$ cat model.cif   # mmCIF, C-alpha atoms, pLDDT in the B column; chains and numbers go by the auth columns
data_protein
#
loop_
_atom_site.group_PDB
_atom_site.id
_atom_site.type_symbol
_atom_site.label_atom_id
_atom_site.label_comp_id
_atom_site.label_asym_id
_atom_site.label_seq_id
_atom_site.Cartn_x
_atom_site.Cartn_y
_atom_site.Cartn_z
_atom_site.B_iso_or_equiv
_atom_site.auth_seq_id
_atom_site.auth_asym_id
ATOM 1 C CA TYR A 1 -3.874 4.423 -10.047 74.00 15 B
ATOM 2 C CA MET A 2 -7.320 3.178 -8.999 79.00 16 B
ATOM 3 C CA PHE A 3 -5.967 2.643 -5.464 83.00 17 B
ATOM 4 C CA ARG A 4 -4.811 6.266 -5.297 82.00 18 B
ATOM 5 C CA TYR A 5 -7.902 7.622 -7.083 83.00 19 B
ATOM 6 C CA ILE A 6 -10.488 5.984 -4.820 87.00 20 B
ATOM 7 C CA LEU A 7 -8.742 6.763 -1.527 89.00 21 B
ATOM 8 C CA GLN A 8 -8.085 10.379 -2.485 87.00 22 B
ATOM 9 C CA LYS A 9 -11.592 10.958 -3.824 87.00 23 B
ATOM 10 C CA ASN A 10 -13.568 9.271 -1.058 90.00 24 B
ATOM 11 C CA GLN A 11 -12.649 10.051 2.546 90.00 25 B
ATOM 12 C CA LYS A 12 -15.190 7.559 3.887 92.00 26 B
ATOM 13 C CA VAL A 13 -13.459 4.711 2.047 93.00 27 B
ATOM 14 C CA LEU A 14 -10.074 5.890 3.330 93.00 28 B
ATOM 15 C CA LYS A 15 -11.430 6.019 6.879 93.00 29 B
ATOM 16 C CA GLY A 16 -12.951 2.545 6.587 94.00 30 B
ATOM 17 C CA LEU A 17 -9.701 1.041 5.315 95.00 31 B
ATOM 18 C CA ILE A 18 -7.641 2.655 8.086 94.00 32 B
ATOM 19 C CA CYS A 19 -10.128 1.500 10.734 94.00 33 B
ATOM 20 C CA ALA A 20 -9.759 -2.077 9.502 95.00 34 B
ATOM 21 C CA LEU A 21 -5.961 -1.996 9.342 96.00 35 B
ATOM 22 C CA LEU A 22 -5.487 -0.332 12.742 94.00 36 B
ATOM 23 C CA HIS A 23 -8.319 -2.234 14.484 94.00 37 B
ATOM 24 C CA LEU A 24 -10.215 0.951 15.275 91.00 38 B
ATOM 25 C CA GLU A 25 -13.898 1.742 15.567 89.00 39 B
ATOM 26 C CA PRO A 26 -15.159 4.511 13.205 87.00 40 B
ATOM 27 C CA GLU A 27 -15.941 6.830 16.112 86.00 41 B
ATOM 28 C CA GLN A 28 -12.273 6.676 17.180 87.00 42 B
ATOM 29 C CA ILE A 29 -11.287 8.547 14.025 87.00 43 B
ATOM 30 C CA GLN A 30 -12.360 12.157 14.004 83.00 44 B
ATOM 31 C CA GLU A 31 -10.543 13.192 10.844 84.00 45 B
ATOM 32 C CA VAL A 32 -8.322 11.807 8.095 88.00 46 B
ATOM 33 C CA GLU A 33 -6.351 14.161 5.882 86.00 47 B
ATOM 34 C CA ILE A 34 -4.266 13.228 2.843 87.00 48 B
ATOM 35 C CA THR A 35 -1.152 15.374 3.136 84.00 49 B
ATOM 36 C CA ASN A 36 0.278 14.597 -0.314 82.00 50 B
ATOM 37 C CA PRO A 37 -2.672 14.955 -2.740 80.00 51 B
ATOM 38 C CA VAL A 38 -1.881 14.748 -6.441 73.00 52 B
ATOM 39 C CA ASN A 39 -3.586 16.131 -9.522 72.00 53 B
ATOM 40 C CA LEU A 40 -5.489 13.085 -10.727 68.00 54 B
ATOM 41 C CA ASN A 41 -5.996 14.666 -14.148 66.00 55 B
ATOM 42 C CA GLU A 42 -2.280 14.863 -14.970 64.00 56 B
ATOM 43 C CA ASP A 43 -0.678 12.384 -17.321 52.00 57 B
ATOM 44 C CA ILE A 44 0.949 9.380 -15.698 52.00 58 B
ATOM 45 C CA LYS A 45 4.647 9.039 -16.379 52.00 59 B
ATOM 46 C CA ASP A 46 6.261 5.887 -15.062 45.00 60 B
ATOM 47 C CA LYS A 47 8.596 6.524 -12.092 45.00 61 B
ATOM 48 C CA GLU A 48 7.154 10.043 -11.760 41.00 62 B
ATOM 49 C CA PHE A 49 3.668 9.133 -10.587 42.00 63 B
ATOM 50 C CA VAL A 50 3.964 7.936 -6.982 48.00 64 B
ATOM 51 C CA LEU A 51 1.247 5.579 -5.763 55.00 65 B
ATOM 52 C CA ASP A 52 1.704 6.276 -2.072 76.00 66 B
ATOM 53 C CA ILE A 53 -0.704 8.140 0.212 84.00 67 B
ATOM 54 C CA ASP A 54 0.326 10.058 3.329 86.00 68 B
ATOM 55 C CA VAL A 55 -2.437 10.473 5.897 89.00 69 B
ATOM 56 C CA LEU A 56 -2.609 12.498 9.103 86.00 70 B
ATOM 57 C CA LEU A 57 -4.931 10.823 11.566 84.00 71 B
ATOM 58 C CA ASN A 58 -6.591 12.868 14.329 78.00 72 B
ATOM 59 C CA ASP A 59 -3.567 15.174 14.243 66.00 73 B
ATOM 60 C CA ASN A 60 -1.427 12.676 16.148 81.00 74 B
ATOM 61 C CA THR A 61 -0.498 9.765 13.878 89.00 75 B
ATOM 62 C CA LYS A 62 1.069 9.780 10.425 90.00 76 B
ATOM 63 C CA ILE A 63 0.183 6.890 8.147 92.00 77 B
ATOM 64 C CA GLY A 64 1.723 6.001 4.809 91.00 78 B
ATOM 65 C CA LEU A 65 -0.232 3.699 2.480 92.00 79 B
ATOM 66 C CA GLU A 66 1.463 2.273 -0.577 91.00 80 B
ATOM 67 C CA MET A 67 0.738 -0.431 -3.126 89.00 81 B
ATOM 68 C CA GLN A 68 3.411 -2.298 -5.093 88.00 82 B
ATOM 69 C CA VAL A 69 2.407 -4.806 -7.743 84.00 83 B
ATOM 70 C CA GLN A 70 5.852 -5.747 -9.038 83.00 84 B
ATOM 71 C CA ASN A 71 8.552 -7.093 -6.759 88.00 85 B
ATOM 72 C CA LYS A 72 11.429 -4.658 -7.191 86.00 86 B
ATOM 73 C CA HIS A 73 13.402 -6.438 -4.435 90.00 87 B
ATOM 74 C CA ASN A 74 13.822 -3.251 -2.420 91.00 88 B
ATOM 75 C CA TRP A 75 10.711 -3.135 -0.250 93.00 89 B
ATOM 76 C CA THR A 76 12.348 -3.461 3.170 94.00 90 B
ATOM 77 C CA GLU A 77 14.800 -0.629 2.453 94.00 91 B
ATOM 78 C CA ARG A 78 12.175 1.458 0.632 91.00 92 B
ATOM 79 C CA SER A 79 9.608 1.194 3.424 92.00 93 B
ATOM 80 C CA LEU A 80 12.248 1.996 6.054 92.00 94 B
ATOM 81 C CA ALA A 81 13.317 5.076 4.095 91.00 95 B
ATOM 82 C CA TYR A 82 9.701 6.279 3.857 89.00 96 B
ATOM 83 C CA LEU A 83 9.093 5.636 7.543 90.00 97 B
ATOM 84 C CA CYS A 84 12.277 7.387 8.714 90.00 98 B
ATOM 85 C CA ARG A 85 11.536 10.359 6.483 88.00 99 B
ATOM 86 C CA SER A 86 8.043 10.662 7.975 87.00 100 B
ATOM 87 C CA PHE A 87 9.279 10.305 11.545 88.00 101 B
ATOM 88 C CA ASP A 88 11.994 12.931 11.167 86.00 102 B
ATOM 89 C CA GLN A 89 9.535 15.824 11.025 80.00 103 B
ATOM 90 C CA LEU A 90 10.320 17.810 14.182 78.00 104 B
ATOM 91 C CA TYR A 91 10.187 21.547 13.753 76.00 105 B
ATOM 92 C CA ARG A 92 12.813 23.817 15.224 74.00 106 B
ATOM 93 C CA GLY A 93 12.250 24.139 18.952 81.00 107 B
ATOM 94 C CA GLN A 94 10.201 20.950 19.312 83.00 108 B
ATOM 95 C CA GLU A 95 11.216 18.292 21.827 89.00 109 B
ATOM 96 C CA TYR A 96 12.006 14.733 20.715 87.00 110 B
ATOM 97 C CA GLU A 97 9.060 13.330 22.651 86.00 111 B
ATOM 98 C CA GLU A 98 6.783 15.457 20.467 86.00 112 B
ATOM 99 C CA ALA A 99 7.613 13.327 17.432 87.00 113 B
ATOM 100 C CA LEU A 100 4.378 11.887 16.027 88.00 114 B
ATOM 101 C CA PRO A 101 3.866 8.121 15.735 91.00 115 B
ATOM 102 C CA VAL A 102 4.336 6.908 12.162 93.00 116 B
ATOM 103 C CA ILE A 103 2.970 3.801 10.467 94.00 117 B
ATOM 104 C CA HIS A 104 3.834 2.579 6.980 94.00 118 B
ATOM 105 C CA ILE A 105 1.446 0.029 5.473 95.00 119 B
ATOM 106 C CA GLY A 106 2.306 -1.660 2.201 94.00 120 B
ATOM 107 C CA PHE A 107 -0.038 -3.682 0.006 95.00 121 B
ATOM 108 C CA LEU A 108 2.151 -6.124 -1.926 95.00 122 B
ATOM 109 C CA ASP A 109 1.080 -8.440 -4.727 94.00 123 B
ATOM 110 C CA TYR A 110 3.915 -10.812 -3.857 95.00 124 B
ATOM 111 C CA THR A 111 5.322 -12.451 -0.727 97.00 125 B
ATOM 112 C CA LEU A 112 8.026 -10.382 0.938 96.00 126 B
ATOM 113 C CA PHE A 113 9.558 -13.281 2.904 96.00 127 B
ATOM 114 C CA PRO A 114 8.715 -16.560 1.084 96.00 128 B
ATOM 115 C CA ASP A 115 10.172 -18.675 3.913 96.00 129 B
ATOM 116 C CA ILE A 116 7.623 -17.236 6.396 96.00 130 B
ATOM 117 C CA PRO A 117 4.524 -16.168 4.413 97.00 131 B
ATOM 118 C CA GLU A 118 1.932 -14.122 6.297 97.00 132 B
ATOM 119 C CA PHE A 119 -1.183 -12.238 5.239 98.00 133 B
ATOM 120 C CA TYR A 120 -0.946 -9.202 7.535 98.00 134 B
ATOM 121 C CA ALA A 121 2.259 -8.570 9.444 97.00 135 B
ATOM 122 C CA THR A 122 3.265 -5.651 11.671 96.00 136 B
ATOM 123 C CA ASN A 123 6.855 -4.949 12.716 95.00 137 B
ATOM 124 C CA MET A 124 8.303 -2.673 15.401 94.00 138 B
ATOM 125 C CA LEU A 125 11.724 -1.974 16.922 93.00 139 B
ATOM 126 C CA MET A 126 12.346 -4.666 19.521 92.00 140 B
ATOM 127 C CA ASN A 127 15.010 -5.947 21.880 95.00 141 B
ATOM 128 C CA VAL A 128 16.209 -9.222 20.334 94.00 142 B
ATOM 129 C CA LYS A 129 16.925 -10.810 23.741 97.00 143 B
ATOM 130 C CA ASN A 130 13.827 -10.112 25.822 97.00 144 B
ATOM 131 C CA HIS A 131 11.457 -8.961 23.032 94.00 145 B
ATOM 132 C CA ARG A 132 10.724 -5.680 24.798 96.00 146 B
ATOM 133 C CA ILE A 133 9.335 -3.104 22.363 94.00 147 B
ATOM 134 C CA TYR A 134 11.851 -0.265 21.989 95.00 148 B
ATOM 135 C CA SER A 135 9.225 2.169 20.703 92.00 149 B
ATOM 136 C CA ASP A 136 5.653 1.874 19.510 90.00 150 B
ATOM 137 C CA LYS A 137 5.940 5.104 17.512 92.00 151 B
ATOM 138 C CA PHE A 138 7.600 3.282 14.623 91.00 152 B
ATOM 139 C CA LYS A 139 5.601 0.584 12.805 95.00 153 B
ATOM 140 C CA LEU A 140 5.938 -1.198 9.470 96.00 154 B
ATOM 141 C CA SER A 141 3.039 -3.315 8.247 97.00 155 B
ATOM 142 C CA VAL A 142 2.601 -5.427 5.118 97.00 156 B
ATOM 143 C CA VAL A 143 -0.590 -6.818 3.594 97.00 157 B
ATOM 144 C CA ASP A 144 0.288 -9.704 1.259 97.00 158 B
ATOM 145 C CA LEU A 145 -2.428 -9.774 -1.408 96.00 159 B
ATOM 146 C CA THR A 146 -1.276 -13.248 -2.501 97.00 160 B
ATOM 147 C CA GLN A 147 -1.777 -14.805 0.950 97.00 161 B
ATOM 148 C CA ILE A 148 -5.377 -13.837 1.747 97.00 162 B
ATOM 149 C CA GLU A 149 -6.176 -17.439 2.704 97.00 163 B
ATOM 150 C CA MET A 150 -3.730 -17.074 5.613 97.00 164 B
ATOM 151 C CA ALA A 151 -5.828 -14.329 7.249 97.00 165 B
ATOM 152 C CA THR A 152 -6.185 -14.876 11.005 97.00 166 B
ATOM 153 C CA LYS A 153 -9.421 -14.690 13.000 97.00 167 B
ATOM 154 C CA GLU A 154 -8.424 -11.171 14.052 96.00 168 B
ATOM 155 C CA ASP A 155 -7.783 -10.144 10.430 97.00 169 B
ATOM 156 C CA LYS A 156 -11.208 -11.466 9.476 96.00 170 B
ATOM 157 C CA ALA A 157 -12.915 -9.803 12.433 95.00 171 B
ATOM 158 C CA TYR A 158 -11.823 -6.426 11.054 95.00 172 B
ATOM 159 C CA HIS A 159 -12.544 -7.444 7.429 95.00 173 B
ATOM 160 C CA ILE A 160 -8.940 -6.862 6.353 96.00 174 B
ATOM 161 C CA ASP A 161 -9.236 -9.960 4.160 96.00 175 B
ATOM 162 C CA TYR A 162 -12.293 -8.425 2.444 94.00 176 B
ATOM 163 C CA TRP A 163 -10.400 -5.224 1.676 95.00 177 B
ATOM 164 C CA ALA A 164 -7.607 -7.330 0.178 95.00 178 B
ATOM 165 C CA ARG A 165 -10.115 -9.260 -1.936 93.00 179 B
ATOM 166 C CA LEU A 166 -11.592 -5.959 -3.102 92.00 180 B
ATOM 167 C CA PHE A 167 -8.160 -4.868 -4.384 90.00 181 B
ATOM 168 C CA LYS A 168 -7.795 -8.227 -6.175 90.00 182 B
ATOM 169 C CA ALA A 169 -11.375 -8.500 -7.504 88.00 183 B
ATOM 170 C CA LYS A 170 -11.627 -9.165 -11.237 83.00 184 B
ATOM 171 C CA THR A 171 -15.413 -9.115 -11.755 85.00 185 B
ATOM 172 C CA TRP A 172 -18.320 -6.908 -10.667 85.00 186 B
ATOM 173 C CA GLU A 173 -19.913 -9.964 -9.091 87.00 187 B
ATOM 174 C CA ASP A 174 -16.908 -10.329 -6.778 87.00 188 B
ATOM 175 C CA ILE A 175 -17.027 -6.646 -5.856 87.00 189 B
ATOM 176 C CA GLN A 176 -20.797 -6.666 -5.204 86.00 190 B
ATOM 177 C CA MET A 177 -20.492 -9.728 -2.973 88.00 191 B
ATOM 178 C CA LEU A 178 -17.775 -8.035 -0.899 87.00 192 B
ATOM 179 C CA ALA A 179 -19.864 -4.863 -0.668 87.00 193 B
ATOM 180 C CA GLU A 180 -22.467 -6.720 1.373 86.00 194 B
ATOM 181 C CA GLU A 181 -20.101 -6.999 4.346 78.00 195 B
ATOM 182 C CA ASN A 182 -20.174 -3.419 5.684 87.00 196 B
ATOM 183 C CA GLU A 183 -20.951 0.158 4.724 92.00 197 B
ATOM 184 C CA TYR A 184 -17.317 1.085 4.034 93.00 198 B
ATOM 185 C CA LEU A 185 -16.791 -1.797 1.623 91.00 199 B
ATOM 186 C CA LYS A 186 -20.100 -0.885 -0.008 91.00 200 B
ATOM 187 C CA GLU A 187 -18.905 2.708 -0.379 92.00 201 B
ATOM 188 C CA ALA A 188 -15.605 1.480 -1.849 91.00 202 B
ATOM 189 C CA ALA A 189 -17.421 -0.767 -4.332 89.00 203 B
ATOM 190 C CA GLN A 190 -19.628 2.114 -5.426 88.00 204 B
ATOM 191 C CA SER A 191 -16.572 4.351 -5.874 87.00 205 B
ATOM 192 C CA VAL A 192 -14.859 1.708 -8.002 83.00 206 B
ATOM 193 C CA TYR A 193 -17.999 1.397 -10.138 80.00 207 B
ATOM 194 C CA VAL A 194 -18.228 5.164 -10.677 79.00 208 B
ATOM 195 C CA ALA A 195 -14.490 5.490 -11.364 77.00 209 B
ATOM 196 C CA ASN A 196 -14.519 2.635 -13.857 73.00 210 B
ATOM 197 C CA ALA A 197 -17.289 4.378 -15.784 69.00 211 B
ATOM 198 C CA ASP A 198 -15.087 7.463 -16.098 68.00 212 B
ATOM 199 C CA GLU A 199 -13.199 7.263 -19.396 67.00 213 B
ATOM 200 C CA MET A 200 -10.365 9.429 -18.066 63.00 214 B
ATOM 201 C CA VAL A 201 -9.796 7.104 -15.102 64.00 215 B
ATOM 202 C CA ARG A 202 -9.889 4.031 -17.329 65.00 216 B
ATOM 203 C CA GLN A 203 -7.298 5.543 -19.647 69.00 217 B
ATOM 204 C CA LYS A 204 -5.041 6.371 -16.674 67.00 218 B
ATOM 205 C CA CYS A 205 -5.279 2.796 -15.412 66.00 219 B
ATOM 206 C CA LEU A 206 -4.500 1.417 -18.868 70.00 220 B
ATOM 207 C CA ALA A 207 -1.566 3.813 -19.216 68.00 221 B
ATOM 208 C CA ARG A 208 -0.142 2.684 -15.898 66.00 222 B
ATOM 209 C CA GLU A 209 -0.607 -0.973 -16.838 69.00 223 B
ATOM 210 C CA GLU A 210 1.114 -0.387 -20.180 71.00 224 B
ATOM 211 C CA ALA A 211 4.045 1.330 -18.455 68.00 225 B
ATOM 212 C CA GLU A 212 4.455 -1.623 -16.092 69.00 226 B
ATOM 213 C CA ARG A 213 4.210 -4.104 -18.979 72.00 227 B
ATOM 214 C CA HIS A 214 6.908 -2.163 -20.838 68.00 228 B
ATOM 215 C CA GLU A 215 9.147 -2.220 -17.757 72.00 229 B
ATOM 216 C CA ARG A 216 8.719 -6.000 -17.391 73.00 230 B
ATOM 217 C CA THR A 217 9.587 -6.510 -21.064 82.00 231 B
ATOM 218 C CA MET A 218 12.711 -4.349 -20.771 81.00 232 B
ATOM 219 C CA LYS A 219 13.876 -6.298 -17.710 79.00 233 B
ATOM 220 C CA ARG A 220 13.241 -9.623 -19.406 81.00 234 B
ATOM 221 C CA ASN A 221 15.203 -8.540 -22.485 84.00 235 B
ATOM 222 C CA MET A 222 18.088 -7.315 -20.320 84.00 236 B
ATOM 223 C CA ASN A 223 18.188 -10.647 -18.481 83.00 237 B
ATOM 224 C CA LEU A 224 18.199 -12.561 -21.771 82.00 238 B
ATOM 225 C CA LEU A 225 21.039 -10.369 -23.031 83.00 239 B
ATOM 226 C CA LYS A 226 23.045 -11.010 -19.869 83.00 240 B
ATOM 227 C CA GLN A 227 22.493 -14.751 -20.226 82.00 241 B
ATOM 228 C CA GLU A 228 23.620 -14.656 -23.873 79.00 242 B
ATOM 229 C CA ASN A 229 26.754 -12.683 -22.978 80.00 243 B
ATOM 230 C CA ALA A 230 27.543 -15.104 -20.161 77.00 244 B
ATOM 231 C CA ALA A 231 27.126 -18.049 -22.542 74.00 245 B
ATOM 232 C CA LEU A 232 29.475 -16.412 -25.097 75.00 246 B
ATOM 233 C CA LYS A 233 32.113 -15.889 -22.413 75.00 247 B
ATOM 234 C CA ASP A 234 31.849 -19.549 -21.420 73.00 248 B
ATOM 235 C CA ASP A 235 32.265 -20.618 -25.052 70.00 249 B
ATOM 236 C CA HIS A 236 35.366 -18.451 -25.480 67.00 250 B
ATOM 237 C CA SER A 237 36.926 -19.761 -22.275 63.00 251 B
#
$ encode --input "model.cif" --output "structure tokens"
Amino acid sequence: YMFRYILQKNQKVLKGLICALLHLEPEQIQEVEITNPVNLNEDIKDKEFVLDIDVLLNDNTKIGLEMQVQNKHNWTERSLAYLCRSFDQLYRGQEYEEALPVIHIGFLDYTLFPDIPEFYATNMLMNVKNHRIYSDKFKLSVVDLTQIEMATKEDKAYHIDYWARLFKAKTWEDIQMLAEENEYLKEAAQSVYVANADEMVRQKCLAREEAERHERTMKRNMNLLKQENAALKDDHS
């Protein structure tokens, strides 16, 4: 909820984050527009409150930002579905070449491919024989918040690792230290401070956390029940 709240409330923070992720200079972005704003005052109901943000950049690139804390084992299919849905936006009479580039960027608090961990990965359609890019209008990126130490020199040059640490920060000291790096991180830190002082925002965050805790408990109980049933079947056999 804090992720959605800060980026929807503060366009400068949103712009700074996108600049870092796409390796852009601030002057290269004229405008960022969230195309799926939500009412931040509404009650959060698990599975009804979507923590994704759709952004239109300079009227020629569509960006989807999403954060997933729990591994629901469906990220590759989920991100592809989001990306395809965003790409398939031609109006009647438009030509195929008018389709806007789309980028989906996920912030995951787990490693998507444990056999090849990576901090910031970007994927495109590619010829498997000669590695020729089929199209650069279709990109899927993942920021692994558990692999910040694997950030490359390029990642660090654009402070992507600092943004990741900001999302993972647990103390105000950590946030203040990160804020010293650039004006956009400083703006983000200030927004987090203001939001955390807002009782409504704090209650929303707690409600979301409670919903996720309840979901984890339900899954754990279901797994235990399955194990018990399997053990009973073995005993009977």
$ resolve_selection --input "model.cif" --expression "the PyMOL selection byres ((chain B and resi 114) around 7)" --output "JSON, numbers by chain"
{"B": [74, 75, 76, 101, 112, 113, 115, 116]}
$ residues_around --input "model.cif" --residues "region 40-49 of chain B" --least-positions-apart "3" --cutoff "6 Å" --atoms "all atoms listed in the file" --output "list in words"
Asp68, Val69, Leu70, Leu71 and Asn72 of chain B
$ residues_near_point --input "model.cif" --point "(8.9, -4.6, -1.4)" --cutoff "10 Å" --atoms "all atoms listed in the file" --output "number ranges by chain"
B: 81-93, 120-127, 156
$ atom_distance --input "model.cif" --atom1 "CA of Tyr172 (chain B)" --atom2 "CA of Glu39 (chain B)"
9.6 Å
$ resolve_selection --input "model.cif" --expression "the PyMOL selection byres ((chain B and resi 183-196) around 12)" --output "MDAnalysis selection string"
chainID B and resid 27 30:31 34 159 170:182 197:207 210
$ resolve_selection --input "model.cif" --expression "the PyMOL selection byres ((chain B and resi 139) around 7)" --output "list in words"
Met138, Met140, Ile147, Tyr148 and Ser149 of chain B
$ axis_aligned_box --input "model.cif" --around "region 160-171 of chain B" --padding-each-side "5 Å" --output "lines of an AutoDock Vina configuration file"
center_x = -7.1
center_y = -13.6
center_z = 5.8
size_x = 21.6
size_y = 17.6
size_z = 26.6
$ atom_distance --input "model.cif" --atom1 "CA of Ile32 (chain B)" --atom2 "CA of His118 (chain B)"
11.5 Å
